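Peer 1: Below is one structure. I have some questions about it.
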Amino acid sequence: MNSYAVRTEGLGRRFDAVDALADLDLEVRPGTVLGLLGHNGAGKTTAVRILTTLLAPTAGRAVVAGRDVATEPAAVRERIAVAGQDASLDERLTGRENLMLLGRLQGLPKRAAVAATAELLERFGLTDAADRVLGTYSGGMRRRLDLAACLVVRRPVVFLDEPTTGLDPASRADMWGAIADLVTDGAALILTTQYLEEADRLADQIVVLSGGRTVAEGTPAELKRRVGDRRIHLTLDDVETAAVRLARLDPEVDARTRRLSVPAPGGPDDLRAILDELDDLDVEEAALSQPTLDDAFFALTAAA
């Protein structure tokens, strides 16, 4: 397992008669991002709690940063960073004081803690607010400080639990940039997120969980291909007539919005052919789209 930053084999956790997690196999190499996706109760939190030594597995094995989570939990904790939704920050301290305290508690000499704090405050756009108490921070500022807090001491494996929840689009983009920098620096990341766009953009590999079990895994592109090819989307007044003419393609019709969509494995060629076929129906809008990760996620979890 040593060539992987994180690797699990048949990992599971059972509570009484319920398998909260079962037969989880993961492989995460340094410098890559694994996205864990699933509805509430799918097993994501259980998996992360086991990998961060907060919960003992009842089946299988997990190795994180070269250490077994069950037999060497203290060694694992020395090698990981965790940015959760509820970071352990002190509301009464300033942003700078919080980062300094965490650095010192983790064994950094004072000069190194000062340097790391200044670099992280600059990196996350918090320099101007560095000497304000945390209680005055906005939600977006707190999330940025949360991530900075787990990076005061660099670790080879980083767990990010909903890292951009509550952020505005601009702040979310800034966080994505910071996360990408971590990967460039060689860290392995385990990401859980409710934003499928975020997983699509950041994750090299995705594991979809449902009912505690893996229902799909692969790259974002591979998962999207599993739910079908490209589709043509049309908007027109006489959507019913269009649906009859295209019945051989099993169209999806929304009469309320006057929209219709059909598969388009041939891409632009299919689009041209269908527009020619419906030329007399005054098509207002026509678009060719790829499946999104949202499409893949809902299709895969529904099938499970």
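Residues in the structure tokens are named by chain (A, B, ... in the order shown) and by number from 1 within that chain; ligands are numbered from 1 in the order shown.
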Determine, counting only C-alpha atoms, which protein, DNA and RNA residues have an atom within 8 Å of an atom of Ala149 in chain A; residues of the same chain fewer than 2 positions away are not included. Present the result as a list in words.

Peer 2: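 Near Ala149 in chain A, the qualifying residues are Ala83, Asn98, Leu99, Leu102, Leu145, Asp146, Leu147, Leu151 and Val152 of chain A.
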
Peer 1: Skipping near chain neighbours, those fewer than 2 positions away, what residues fall within 10 Å of Arg201 in chain A using only C-alpha atoms, listed as a PyMOL selection string?

Peer 2: chain A and resi 176+180+196-199+203-204+220

Peer 1: Can you write just those residues out, N, CA and C atoms, as a tab-separated table (two decimals), in the first residue's frame?

Peer 2:
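Below is the file again.tsv, written as the result:
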chain	number	residue	atom	x	y	z
A	176	TRP	N	-11.08	27.29	-4.70
A	176	TRP	CA	-10.69	26.27	-5.67
A	176	TRP	C	-9.23	26.45	-6.08
A	180	ALA	N	-6.29	23.73	-5.53
A	180	ALA	CA	-5.45	23.28	-6.65
A	180	ALA	C	-3.98	23.45	-6.33
A	196	LEU	N	-21.68	19.62	-7.07
A	196	LEU	CA	-21.16	18.68	-8.04
A	196	LEU	C	-20.24	19.36	-9.05
A	197	GLU	N	-20.50	20.63	-9.31
A	197	GLU	CA	-19.59	21.40	-10.17
A	197	GLU	C	-18.19	21.42	-9.57
A	198	GLU	N	-18.13	21.52	-8.25
A	198	GLU	CA	-16.85	21.56	-7.54
A	198	GLU	C	-16.10	20.23	-7.72
A	199	ALA	N	-16.81	19.11	-7.55
A	199	ALA	CA	-16.20	17.81	-7.74
A	199	ALA	C	-15.74	17.63	-9.18
A	203	ALA	N	-11.83	17.11	-8.78
A	203	ALA	CA	-11.51	15.71	-8.50
A	203	ALA	C	-10.90	15.00	-9.71
A	204	ASP	N	-9.84	14.25	-9.45
A	204	ASP	CA	-9.27	13.38	-10.48
A	204	ASP	C	-10.07	12.08	-10.57
A	220	PRO	N	-14.51	12.07	-13.55
A	220	PRO	CA	-15.77	12.76	-13.87
A	220	PRO	C	-16.25	12.48	-15.29

Peer 1: In Å, how far is it from CA of Arg67 in chain A to CA of Gly38 in chain A?

Peer 2: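 Taking CA of Arg67 in chain A and CA of Gly38 in chain A, their separation equals 26.7 Å.
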
Peer 1: CA of Ile190 in chain A and CA of Val69 in chain A, how far apart in Å?

Peer 2: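 Pair CA of Val69 in chain A / CA of Ile190 in chain A returns 15.4 Å.
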
Peer 1: Can you work out the spacing between CA of Ile80 in chain A and CA of Cys150 in chain A in Å, to one decimal?

Peer 2: 8.9 Å

Peer 1: Find the residues around Glu97 in chain A up to 10 Å (only C-alpha atoms counted), leave out those fewer than 5 positions away in its own chain, and share them as a count of residues only.

Peer 2: 12

Peer 1: Could you find all residues in range 139-185 of chain A that DSSP calls strand (DSSP E) from the backbone, and write them as a list of chain:residue names?

Peer 2: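 In range 139-185 of chain A, DSSP puts these residues in strand (DSSP E): A:Val157, A:Val158, A:Phe159, A:Leu160, A:Asp161.
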
Peer 1: Taking only C-alpha atoms into account, which of A:Arg248, A:Thr241, A:Ala286, A:Leu120 comes nearest Ser261 in chain A?

Peer 2: A:Ala286

Peer 1: Compile the contact shell of Gly43 in chain A as a count of residues only: residues with an atom at most 10 Å away, counting only C-alpha atoms, same-chain residues fewer than 4 positions apart removed.

Peer 2: 21

Peer 1: Find the residue from A:Pro30, A:Gly10, A:Gly140, A:Pro263 that sits nearest to Asp168 in chain A; use only C-alpha atoms when measuring.

Peer 2: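 Checking each candidate against Asp168 in chain A, we get A:Gly140 as the closest.
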
Peer 1: Using only C-alpha atoms, which protein or nucleic acid residues come within 9 Å of Arg144 in chain A? Drop anything in the same chain fewer than 6 positions from it, and give the result as a PDB file with N, CA and C atoms, in the first residue's frame.

Peer 2:
ATOM      1  N   PHE A 124      -4.965  33.544   1.482  1.00  0.00           N
ATOM      2  CA  PHE A 124      -6.423  33.446   1.524  1.00  0.00           C
ATOM      3  C   PHE A 124      -7.111  34.805   1.623  1.00  0.00           C
ATOM      4  N   GLY A 125      -6.370  35.863   1.339  1.00  0.00           N
ATOM      5  CA  GLY A 125      -6.969  37.184   1.274  1.00  0.00           C
ATOM      6  C   GLY A 125      -7.498  37.689   2.601  1.00  0.00           C
ATOM      7  N   LEU A 126      -6.797  37.362   3.692  1.00  0.00           N
ATOM      8  CA  LEU A 126      -7.269  37.727   5.029  1.00  0.00           C
ATOM      9  C   LEU A 126      -6.323  38.679   5.749  1.00  0.00           C
ATOM     10  N   PRO A 163     -15.722  22.163   1.712  1.00  0.00           N
ATOM     11  CA  PRO A 163     -14.841  23.313   1.942  1.00  0.00           C
ATOM     12  C   PRO A 163     -15.389  24.659   1.514  1.00  0.00           C
ATOM     13  N   THR A 164     -16.369  24.688   0.597  1.00  0.00           N
ATOM     14  CA  THR A 164     -16.850  25.986   0.122  1.00  0.00           C
ATOM     15  C   THR A 164     -18.310  26.249   0.469  1.00  0.00           C
ATOM     16  N   SER A 171     -15.607  33.927  -3.853  1.00  0.00           N
ATOM     17  CA  SER A 171     -14.832  33.286  -2.786  1.00  0.00           C
ATOM     18  C   SER A 171     -14.637  31.805  -3.069  1.00  0.00           C
ATOM     19  N   MET A 175     -11.129  29.707  -3.339  1.00  0.00           N
ATOM     20  CA  MET A 175     -10.847  28.479  -2.595  1.00  0.00           C
ATOM     21  C   MET A 175     -10.428  27.361  -3.541  1.00  0.00           C
TER      22      MET A 175
END

Peer 1: Going by DSSP on the backbone, which residues of range 104-279 of chain A come out as alpha helix (DSSP H)? List them as JSON, numbers by chain.

Peer 2: {"A": [104, 105, 110, 111, 112, 113, 114, 115, 116, 117, 118, 119, 120, 121, 122, 123, 139, 140, 141, 142, 143, 144, 145, 146, 147, 148, 149, 169, 170, 171, 172, 173, 174, 175, 176, 177, 178, 179, 180, 181, 182, 183, 184, 196, 197, 198, 199, 200, 201, 202, 220, 221, 222, 223, 224, 225, 226, 239, 240, 241, 242, 243, 244, 245, 268, 269, 270, 271, 272, 273, 274, 275, 276, 277]}
